[in-house]
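Engineer: Below is a structure I'd like to ask you about.
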Amino acid sequence: MKTGVYYHPDFADKGYTTLKHRVKPGFEALQGLIKAGKIEVFTPVITQQTEELLKQTHHNDLINRVKATPYHEVALLSAAGVIQAAEKLSQGELEFAFCFVGSAGHHAGYNYTWGFCYYNDVAMAVKRLQTLGVEKIMIIDIDPHSGDGTRDILANETSIIHINFHADEEYNYADHKRQNYGIFIDGADDRTFLAAVDENLEQNWDYEFLIVIFGHDGHGQDYGDFYLSTRGYQDFAKKIKTFATGKPILFVLSGGSNPQVAAEVIPAVIEVFVND
Ligand SMILES: [Zn+2]
């Protein structure tokens with residue numbers, strides 16, 4: 001598949017403390033694939049459009065609060081990469097994209113944010129896709145923490161399917177009318193996680209663009225409450241590739257701090273898509 005990776009050195013230099021040390025090792029582990037010409041690397045840029053999408057997605061008070069932290073620019077740059085990848089995918093210039101980030105996005109709601117997140121990169125990209133005429137978007141969040149911010153912003157958009165696998169108790173829900181699903185699988189290992197994925201993907205979902213919120217904090221050697229292996233992540237990627245055949249697939253990095261895990265899991269997942 002025609003694959004793009006979005007990366008900026010600022011993600012490693014200026015990213016959120018817990019998340020930034022895994023960025024460079026994860027990217028450097030892709031050098032073999034890059035040299036073999038299997039991946040094209042893109043550098044995101046903050047543009048007027050990024051700023052406008054930020055205002056459309058978040059309350060002005062939140063933006064001002066983030067501007068008072070050291071993470072405004074790196075969070076905006078992270079979102080710029082996700083938006084720019086979504087554009088290229090929607091135009092058919094790429095079939096699969098993986099976005100590195102310097103902060104995460106899924107705990108950033110309309111007017112609140114927590115948990116290493118500042119701006120909701122995926123929600124901003126969704127707004128961009130909608131202006132390009134892409135309405136039916138499926139979001140699968142496999143970061144073991146709940147995607148509450150994404151839900152806060154997008155829950156009422158009924159053409160968007162949000163399937164949120166997590167280990168946060170009291171965040172279990174199935175809102176069929178609005179296509180919002182919280183799947184509580186605390187302590188999941190490969191077997192229980194992949195079974196939950198199968199169960200939730202088997203129905204005939206109506207969508208035209210797939211976004212995966214990819215936290216490797218669910219790895220057994222990382223800090224979240226899933227206990228997945230690198231092989232488990234790779235099997236998940238294979239399921240996604242089959243599930244979304246013929247549709248654009250966008251992976252957006254989320255939680256995770258262990259550099260060794262990043263250096264193993266990120267290439268393992270990308271390899272699934274570059275190799276036809
Ligand atoms: Zn997480």
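Order determines the names: the first chain of the structure tokens is A, the second B, and so forth; residues in each chain are numbered 1 upward, and ligands are numbered 1 upward as they are shown.
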I'd like the contact shell of Tyr7 in chain A - 8 Å cut-off, only C-alpha atoms, skipping same-chain residues fewer than 6 positions apart - returned as a VMD selection string.
Structural biologist: chain A and resid 27 41 to 44 81 99 to 101
Engineer: Select the residues contacting ligand 1 at a distance of at most 12 Å, based on only C-alpha atoms and all ligand atoms, then format the selection as a ChimeraX atom specification.
Structural biologist: /A:18-19,103-107,114-117,141-148,164-168,213-219,222-226,253-257
Engineer: Would you save the residues from that selection as a short mmCIF file (atom, residue, chain, number, x, y, z; two decimals), in the first residue's frame, using N, CA and C atoms?
Structural biologist:
```cif
data_model
loop_
_atom_site.label_atom_id
_atom_site.label_comp_id
_atom_site.auth_asym_id
_atom_site.auth_seq_id
_atom_site.Cartn_x
_atom_site.Cartn_y
_atom_site.Cartn_z
N THR A 18 6.34 12.59 29.26
CA THR A 18 6.13 11.15 29.33
C THR A 18 6.19 10.50 27.95
N LEU A 19 5.77 11.23 26.94
CA LEU A 19 5.60 10.63 25.61
C LEU A 19 6.79 10.82 24.68
N SER A 103 2.31 15.22 21.49
CA SER A 103 1.39 15.12 22.62
C SER A 103 0.27 14.23 22.11
N ALA A 104 -0.61 13.82 23.00
CA ALA A 104 -1.71 12.99 22.51
C ALA A 104 -2.97 13.84 22.39
N GLY A 105 -4.07 13.24 21.91
CA GLY A 105 -5.26 14.04 21.62
C GLY A 105 -6.56 13.54 22.23
N HIS A 106 -6.66 12.25 22.57
CA HIS A 106 -8.00 11.71 22.82
C HIS A 106 -8.63 12.09 24.17
N HIS A 107 -7.86 12.70 25.07
CA HIS A 107 -8.47 13.25 26.30
C HIS A 107 -8.71 14.75 26.17
N TRP A 114 -6.78 16.70 29.53
CA TRP A 114 -5.99 16.07 30.60
C TRP A 114 -5.17 14.93 29.99
N GLY A 115 -4.38 14.26 30.84
CA GLY A 115 -3.72 13.02 30.43
C GLY A 115 -2.79 13.13 29.23
N PHE A 116 -1.84 14.04 29.25
CA PHE A 116 -0.81 14.22 28.20
C PHE A 116 -1.41 14.73 26.88
N CYS A 117 -2.67 15.14 26.89
CA CYS A 117 -3.33 15.60 25.67
C CYS A 117 -3.56 17.11 25.75
N ASP A 141 -10.35 3.38 18.68
CA ASP A 141 -9.35 3.83 19.65
C ASP A 141 -8.88 2.63 20.46
N ILE A 142 -7.59 2.28 20.31
CA ILE A 142 -7.08 1.11 21.07
C ILE A 142 -6.10 1.52 22.17
N ASP A 143 -5.98 2.80 22.43
CA ASP A 143 -5.25 3.26 23.62
C ASP A 143 -6.07 2.76 24.83
N PRO A 144 -5.42 2.13 25.83
CA PRO A 144 -6.21 1.55 26.92
C PRO A 144 -6.90 2.56 27.83
N HIS A 145 -6.66 3.85 27.62
CA HIS A 145 -7.40 4.87 28.36
C HIS A 145 -8.58 5.32 27.51
N SER A 146 -9.62 5.79 28.16
CA SER A 146 -10.84 6.12 27.41
C SER A 146 -10.65 7.32 26.50
N GLY A 147 -11.32 7.29 25.34
CA GLY A 147 -11.26 8.41 24.40
C GLY A 147 -12.35 9.42 24.71
N ASP A 148 -12.37 9.90 25.94
CA ASP A 148 -13.46 10.78 26.39
C ASP A 148 -13.49 12.11 25.64
N ASN A 164 -14.33 2.47 21.09
CA ASN A 164 -13.33 2.89 22.04
C ASN A 164 -13.00 1.72 22.99
N PHE A 165 -11.89 1.00 22.72
CA PHE A 165 -11.47 -0.10 23.59
C PHE A 165 -10.66 0.48 24.75
N HIS A 166 -11.01 0.14 25.97
CA HIS A 166 -10.31 0.78 27.09
C HIS A 166 -10.39 -0.05 28.36
N ALA A 167 -9.63 0.41 29.37
CA ALA A 167 -9.59 -0.27 30.66
C ALA A 167 -10.09 0.65 31.78
N ASP A 168 -10.90 1.63 31.43
CA ASP A 168 -11.41 2.57 32.43
C ASP A 168 -12.82 2.16 32.86
N ILE A 213 -6.72 5.23 16.59
CA ILE A 213 -5.95 5.94 17.62
C ILE A 213 -5.09 4.90 18.31
N PHE A 214 -3.79 5.01 18.02
CA PHE A 214 -2.86 3.92 18.30
C PHE A 214 -1.98 4.23 19.51
N GLY A 215 -2.39 3.74 20.65
CA GLY A 215 -1.56 3.88 21.85
C GLY A 215 -0.81 2.59 22.08
N HIS A 216 0.53 2.67 22.19
CA HIS A 216 1.25 1.44 22.54
C HIS A 216 1.47 1.35 24.05
N ASP A 217 0.75 2.23 24.81
CA ASP A 217 0.76 2.09 26.27
C ASP A 217 -0.01 0.83 26.69
N GLY A 218 -0.69 0.18 25.73
CA GLY A 218 -1.37 -1.08 26.01
C GLY A 218 -0.44 -2.28 25.91
N HIS A 219 0.82 -2.06 25.59
CA HIS A 219 1.80 -3.15 25.53
C HIS A 219 2.12 -3.61 26.96
N ASP A 222 4.59 -1.49 28.76
CA ASP A 222 4.35 -0.04 28.83
C ASP A 222 3.34 0.22 29.95
N TYR A 223 2.87 1.47 30.11
CA TYR A 223 2.20 1.83 31.37
C TYR A 223 0.68 1.63 31.45
N GLY A 224 0.02 1.27 30.36
CA GLY A 224 -1.44 1.16 30.39
C GLY A 224 -1.92 -0.21 30.86
N ASP A 225 -3.21 -0.35 31.08
CA ASP A 225 -3.74 -1.58 31.67
C ASP A 225 -4.24 -2.63 30.66
N PHE A 226 -3.61 -2.69 29.49
CA PHE A 226 -3.71 -3.88 28.64
C PHE A 226 -2.33 -4.55 28.69
N LEU A 253 -0.59 8.10 16.42
CA LEU A 253 0.06 7.68 17.66
C LEU A 253 -0.64 8.34 18.86
N SER A 254 -0.75 7.58 19.95
CA SER A 254 -1.39 8.11 21.16
C SER A 254 -0.46 7.82 22.34
N GLY A 255 -0.95 7.19 23.42
CA GLY A 255 -0.11 6.96 24.59
C GLY A 255 1.03 5.98 24.34
N GLY A 256 1.97 5.95 25.30
CA GLY A 256 3.13 5.06 25.21
C GLY A 256 4.38 5.83 25.58
N SER A 257 5.25 5.19 26.39
CA SER A 257 6.46 5.90 26.79
C SER A 257 7.72 5.06 26.66
#
```
Engineer: Could you give me the residues within range 83-175 of chain A that DSSP places in strand (DSSP E or B), as a PDB file with N, CA, C and O atoms, in the first residue's frame?
Structural biologist:
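Output below, filename result_38.pdb:
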```pdb
ATOM      1  N   PHE A  96      -2.254   4.374   3.181  1.00  0.00           N
ATOM      2  CA  PHE A  96      -2.071   4.182   4.614  1.00  0.00           C
ATOM      3  C   PHE A  96      -1.134   5.269   5.124  1.00  0.00           C
ATOM      4  O   PHE A  96      -0.147   5.617   4.454  1.00  0.00           O
ATOM      5  N   ALA A  97      -1.437   5.833   6.271  1.00  0.00           N
ATOM      6  CA  ALA A  97      -0.531   6.818   6.874  1.00  0.00           C
ATOM      7  C   ALA A  97      -0.403   6.554   8.361  1.00  0.00           C
ATOM      8  O   ALA A  97      -1.348   6.106   9.016  1.00  0.00           O
ATOM      9  N   PHE A  98       0.799   6.835   8.885  1.00  0.00           N
ATOM     10  CA  PHE A  98       1.062   6.726  10.320  1.00  0.00           C
ATOM     11  C   PHE A  98       1.600   8.069  10.777  1.00  0.00           C
ATOM     12  O   PHE A  98       2.580   8.572  10.233  1.00  0.00           O
ATOM     13  N   CYS A  99       0.961   8.660  11.777  1.00  0.00           N
ATOM     14  CA  CYS A  99       1.375   9.975  12.275  1.00  0.00           C
ATOM     15  C   CYS A  99       2.027   9.875  13.644  1.00  0.00           C
ATOM     16  O   CYS A  99       1.394   9.420  14.602  1.00  0.00           O
ATOM     17  N   ALA A 104      -0.611  13.825  22.999  1.00  0.00           N
ATOM     18  CA  ALA A 104      -1.709  12.990  22.511  1.00  0.00           C
ATOM     19  C   ALA A 104      -2.971  13.839  22.388  1.00  0.00           C
ATOM     20  O   ALA A 104      -2.955  15.035  22.694  1.00  0.00           O
ATOM     21  N   ALA A 108      -8.568  15.303  24.971  1.00  0.00           N
ATOM     22  CA  ALA A 108      -8.843  16.734  24.775  1.00  0.00           C
ATOM     23  C   ALA A 108     -10.275  16.887  24.274  1.00  0.00           C
ATOM     24  O   ALA A 108     -10.609  16.502  23.154  1.00  0.00           O
ATOM     25  N   THR A 113      -9.048  19.405  28.960  1.00  0.00           N
ATOM     26  CA  THR A 113      -8.026  18.477  28.478  1.00  0.00           C
ATOM     27  C   THR A 113      -7.220  17.936  29.656  1.00  0.00           C
ATOM     28  O   THR A 113      -7.074  18.605  30.676  1.00  0.00           O
ATOM     29  N   CYS A 117      -2.670  15.144  26.890  1.00  0.00           N
ATOM     30  CA  CYS A 117      -3.334  15.602  25.672  1.00  0.00           C
ATOM     31  C   CYS A 117      -3.561  17.111  25.749  1.00  0.00           C
ATOM     32  O   CYS A 117      -3.796  17.647  26.838  1.00  0.00           O
ATOM     33  N   ILE A 137     -17.053   8.441   8.815  1.00  0.00           N
ATOM     34  CA  ILE A 137     -15.712   8.170   9.323  1.00  0.00           C
ATOM     35  C   ILE A 137     -15.816   7.224  10.520  1.00  0.00           C
ATOM     36  O   ILE A 137     -16.673   7.404  11.380  1.00  0.00           O
ATOM     37  N   MET A 138     -14.947   6.226  10.525  1.00  0.00           N
ATOM     38  CA  MET A 138     -14.926   5.305  11.660  1.00  0.00           C
ATOM     39  C   MET A 138     -13.649   5.538  12.455  1.00  0.00           C
ATOM     40  O   MET A 138     -12.563   5.611  11.880  1.00  0.00           O
ATOM     41  N   ILE A 139     -13.803   5.679  13.765  1.00  0.00           N
ATOM     42  CA  ILE A 139     -12.646   5.879  14.647  1.00  0.00           C
ATOM     43  C   ILE A 139     -12.565   4.680  15.585  1.00  0.00           C
ATOM     44  O   ILE A 139     -13.510   4.391  16.319  1.00  0.00           O
ATOM     45  N   ILE A 140     -11.433   3.985  15.548  1.00  0.00           N
ATOM     46  CA  ILE A 140     -11.200   2.874  16.473  1.00  0.00           C
ATOM     47  C   ILE A 140     -10.056   3.301  17.388  1.00  0.00           C
ATOM     48  O   ILE A 140      -8.952   3.579  16.925  1.00  0.00           O
ATOM     49  N   ASP A 141     -10.346   3.377  18.677  1.00  0.00           N
ATOM     50  CA  ASP A 141      -9.351   3.834  19.648  1.00  0.00           C
ATOM     51  C   ASP A 141      -8.884   2.635  20.457  1.00  0.00           C
ATOM     52  O   ASP A 141      -9.664   2.038  21.190  1.00  0.00           O
ATOM     53  N   ILE A 160     -20.438   9.524  12.320  1.00  0.00           N
ATOM     54  CA  ILE A 160     -19.123   9.085  12.792  1.00  0.00           C
ATOM     55  C   ILE A 160     -19.278   7.943  13.786  1.00  0.00           C
ATOM     56  O   ILE A 160     -19.989   8.056  14.781  1.00  0.00           O
ATOM     57  N   ILE A 161     -18.610   6.832  13.477  1.00  0.00           N
ATOM     58  CA  ILE A 161     -18.638   5.663  14.357  1.00  0.00           C
ATOM     59  C   ILE A 161     -17.415   5.754  15.270  1.00  0.00           C
ATOM     60  O   ILE A 161     -16.298   5.956  14.791  1.00  0.00           O
ATOM     61  N   HIS A 162     -17.636   5.622  16.556  1.00  0.00           N
ATOM     62  CA  HIS A 162     -16.529   5.701  17.512  1.00  0.00           C
ATOM     63  C   HIS A 162     -16.519   4.438  18.366  1.00  0.00           C
ATOM     64  O   HIS A 162     -17.428   4.215  19.158  1.00  0.00           O
ATOM     65  N   ILE A 163     -15.513   3.592  18.146  1.00  0.00           N
ATOM     66  CA  ILE A 163     -15.370   2.367  18.939  1.00  0.00           C
ATOM     67  C   ILE A 163     -14.123   2.502  19.796  1.00  0.00           C
ATOM     68  O   ILE A 163     -13.014   2.634  19.280  1.00  0.00           O
ATOM     69  N   ASN A 164     -14.330   2.473  21.088  1.00  0.00           N
ATOM     70  CA  ASN A 164     -13.331   2.886  22.042  1.00  0.00           C
ATOM     71  C   ASN A 164     -13.001   1.724  22.986  1.00  0.00           C
ATOM     72  O   ASN A 164     -13.742   1.450  23.921  1.00  0.00           O
ATOM     73  N   PHE A 165     -11.892   1.003  22.718  1.00  0.00           N
ATOM     74  CA  PHE A 165     -11.469  -0.103  23.589  1.00  0.00           C
ATOM     75  C   PHE A 165     -10.663   0.476  24.749  1.00  0.00           C
ATOM     76  O   PHE A 165      -9.719   1.237  24.508  1.00  0.00           O
ATOM     77  N   HIS A 166     -11.008   0.143  25.973  1.00  0.00           N
ATOM     78  CA  HIS A 166     -10.314   0.783  27.094  1.00  0.00           C
ATOM     79  C   HIS A 166     -10.393  -0.051  28.361  1.00  0.00           C
ATOM     80  O   HIS A 166     -11.111  -1.049  28.430  1.00  0.00           O
ATOM     81  N   TYR A 173     -20.283   1.824  27.451  1.00  0.00           N
ATOM     82  CA  TYR A 173     -21.526   2.337  26.881  1.00  0.00           C
ATOM     83  C   TYR A 173     -21.721   1.788  25.474  1.00  0.00           C
ATOM     84  O   TYR A 173     -20.765   1.432  24.795  1.00  0.00           O
ATOM     85  N   ALA A 174     -22.969   1.702  25.075  1.00  0.00           N
ATOM     86  CA  ALA A 174     -23.291   1.317  23.703  1.00  0.00           C
ATOM     87  C   ALA A 174     -24.445   2.202  23.272  1.00  0.00           C
ATOM     88  O   ALA A 174     -25.593   1.957  23.609  1.00  0.00           O
ATOM     89  N   ASP A 175     -24.129   3.269  22.586  1.00  0.00           N
ATOM     90  CA  ASP A 175     -25.123   4.237  22.140  1.00  0.00           C
ATOM     91  C   ASP A 175     -25.309   4.005  20.632  1.00  0.00           C
ATOM     92  O   ASP A 175     -24.599   4.580  19.809  1.00  0.00           O
TER      93      ASP A 175
END
```
Engineer: Which residue gives the smallest distance to Asn258 in chain A among A:His58, A:His21, A:Glu271, A:Tyr110, with only C-alpha atoms counted?
Structural biologist: A:His21
Engineer: Which is closer to Leu210 in chain A than all the others in A:Leu228, A:Ala262, A:Ala188, A:Leu129, using only C-alpha atoms?
Structural biologist: A:Leu129
Engineer: What are the DSSP alpha helix (DSSP H) residues of range 102-247 of chain A, as JSON, numbers by chain?
Structural biologist: {"A": [121, 122, 123, 124, 125, 126, 127, 128, 129, 130, 131, 148, 149, 150, 151, 152, 153, 154, 190, 191, 192, 193, 194, 195, 196, 197, 198, 199, 200, 201, 230, 231, 232, 233, 234, 235, 236, 237, 238, 239, 240, 241, 242, 243]}
Engineer: Find the residues near Ser229 in chain A: any atom within 9 Å, counting only C-alpha atoms, skip ones fewer than 4 places away on the same chain, and give them as a ChimeraX atom specification.
Structural biologist: /A:189-190,218-221,233-234,265
Engineer: For those residues, write C-alpha atoms to a file as a JSON list (two decimals), in the first residue's frame.
Structural biologist:
```json
[["chain", "number", "residue", "atom", "x", "y", "z"],
["A", 189, "ASP", "CA", -4.08, -9.80, 26.75],
["A", 190, "ASP", "CA", -3.68, -10.53, 23.01],
["A", 218, "GLY", "CA", -1.37, -1.08, 26.01],
["A", 219, "HIS", "CA", 1.80, -3.15, 25.53],
["A", 220, "GLY", "CA", 2.74, -5.43, 28.45],
["A", 221, "GLN", "CA", 6.00, -3.47, 28.87],
["A", 233, "TYR", "CA", -0.41, -5.37, 17.78],
["A", 234, "GLN", "CA", 0.71, -6.86, 14.49],
["A", 265, "VAL", "CA", 5.69, -2.13, 17.75]]
```
Engineer: Name the closest residue to Thr158 in chain A among the candidates A:Ala75, A:Asp206, A:Arg128, A:Ile185; distances are taken between atoms, counting only C-alpha atoms.
Structural biologist: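 Closest candidate: A:Asp206.
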Engineer: Out of A:Gln31, A:Thr3, A:Thr47, A:Asn275, which residue has the shortest atom-to-atom distance to Leu94 in chain A when counting only C-alpha atoms?
Structural biologist: A:Thr3
Engineer: Near Pro248 in chain A, within 12 Å and counting only C-alpha atoms, which residues show up once chain neighbours fewer than 6 positions away are dropped, as a PDB file with C-alpha atoms, in the first residue's frame?
Structural biologist:
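The result, written out as part23.pdb:
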```
ATOM      1  CA  MET A   1       0.000   0.000   0.000  1.00  0.00           C
ATOM      2  CA  LYS A   2       1.151   3.538  -0.693  1.00  0.00           C
ATOM      3  CA  THR A   3       2.378   4.557   2.768  1.00  0.00           C
ATOM      4  CA  GLY A   4       3.206   7.909   4.326  1.00  0.00           C
ATOM      5  CA  ALA A  85      -2.205  12.960   6.331  1.00  0.00           C
ATOM      6  CA  ALA A  86      -6.023  12.835   6.255  1.00  0.00           C
ATOM      7  CA  GLU A  87      -6.044  15.173   3.240  1.00  0.00           C
ATOM      8  CA  LYS A  88      -3.550  13.078   1.269  1.00  0.00           C
ATOM      9  CA  LEU A  89      -5.443   9.891   2.092  1.00  0.00           C
ATOM     10  CA  SER A  90      -8.780  11.388   1.076  1.00  0.00           C
ATOM     11  CA  GLN A  91      -7.291  12.511  -2.231  1.00  0.00           C
ATOM     12  CA  GLY A  92      -5.971   9.005  -2.923  1.00  0.00           C
ATOM     13  CA  GLU A  93      -2.326  10.076  -2.824  1.00  0.00           C
ATOM     14  CA  LEU A  94      -1.749   7.694   0.076  1.00  0.00           C
ATOM     15  CA  GLU A  95      -3.520   4.477   1.122  1.00  0.00           C
ATOM     16  CA  PHE A  96      -2.071   4.182   4.614  1.00  0.00           C
ATOM     17  CA  ALA A  97      -0.531   6.818   6.874  1.00  0.00           C
ATOM     18  CA  PHE A  98       1.062   6.726  10.320  1.00  0.00           C
ATOM     19  CA  LEU A 129     -12.351  15.595   6.116  1.00  0.00           C
ATOM     20  CA  VAL A 134     -15.841  12.674   3.635  1.00  0.00           C
ATOM     21  CA  LYS A 136     -18.762   8.607   7.153  1.00  0.00           C
ATOM     22  CA  ILE A 137     -15.712   8.170   9.323  1.00  0.00           C
ATOM     23  CA  MET A 138     -14.926   5.305  11.660  1.00  0.00           C
ATOM     24  CA  TYR A 207     -17.959   4.114   6.638  1.00  0.00           C
ATOM     25  CA  GLU A 208     -15.579   5.424   3.993  1.00  0.00           C
ATOM     26  CA  PHE A 209     -12.490   6.426   6.014  1.00  0.00           C
ATOM     27  CA  LEU A 210     -10.848   4.684   8.983  1.00  0.00           C
ATOM     28  CA  ILE A 211      -8.863   6.324  11.772  1.00  0.00           C
ATOM     29  CA  VAL A 212      -7.072   4.234  14.415  1.00  0.00           C
ATOM     30  CA  ILE A 240      -7.586  -3.750  10.250  1.00  0.00           C
ATOM     31  CA  LYS A 241      -6.003  -4.175   6.829  1.00  0.00           C
ATOM     32  CA  PHE A 273       0.493  -2.221   5.441  1.00  0.00           C
TER      33      PHE A 273
END
```
Engineer: Could you check which of A:Gln84, A:Thr150, A:Gln56, A:Thr230 is closest to Pro267 in chain A, using only C-alpha atoms?
Structural biologist: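 Result for the nearest residue to Pro267 in chain A: A:Thr230.
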Engineer: Just how far from CA of Ala80 in chain A is CA of Ala36 in chain A, in Å to one decimal?
Structural biologist: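 If I compute the distance from CA of Ala36 in chain A to CA of Ala80 in chain A, I get 26.6 Å.
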Engineer: Using only C-alpha atoms, can you tell me which of A:Gly37, A:Val197, A:Ile83, A:His8 comes closest to Leu250 in chain A?
Structural biologist: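 Of A:Gly37, A:Val197, A:Ile83, A:His8, the one nearest Leu250 in chain A, counting only C-alpha atoms, is A:Ile83.
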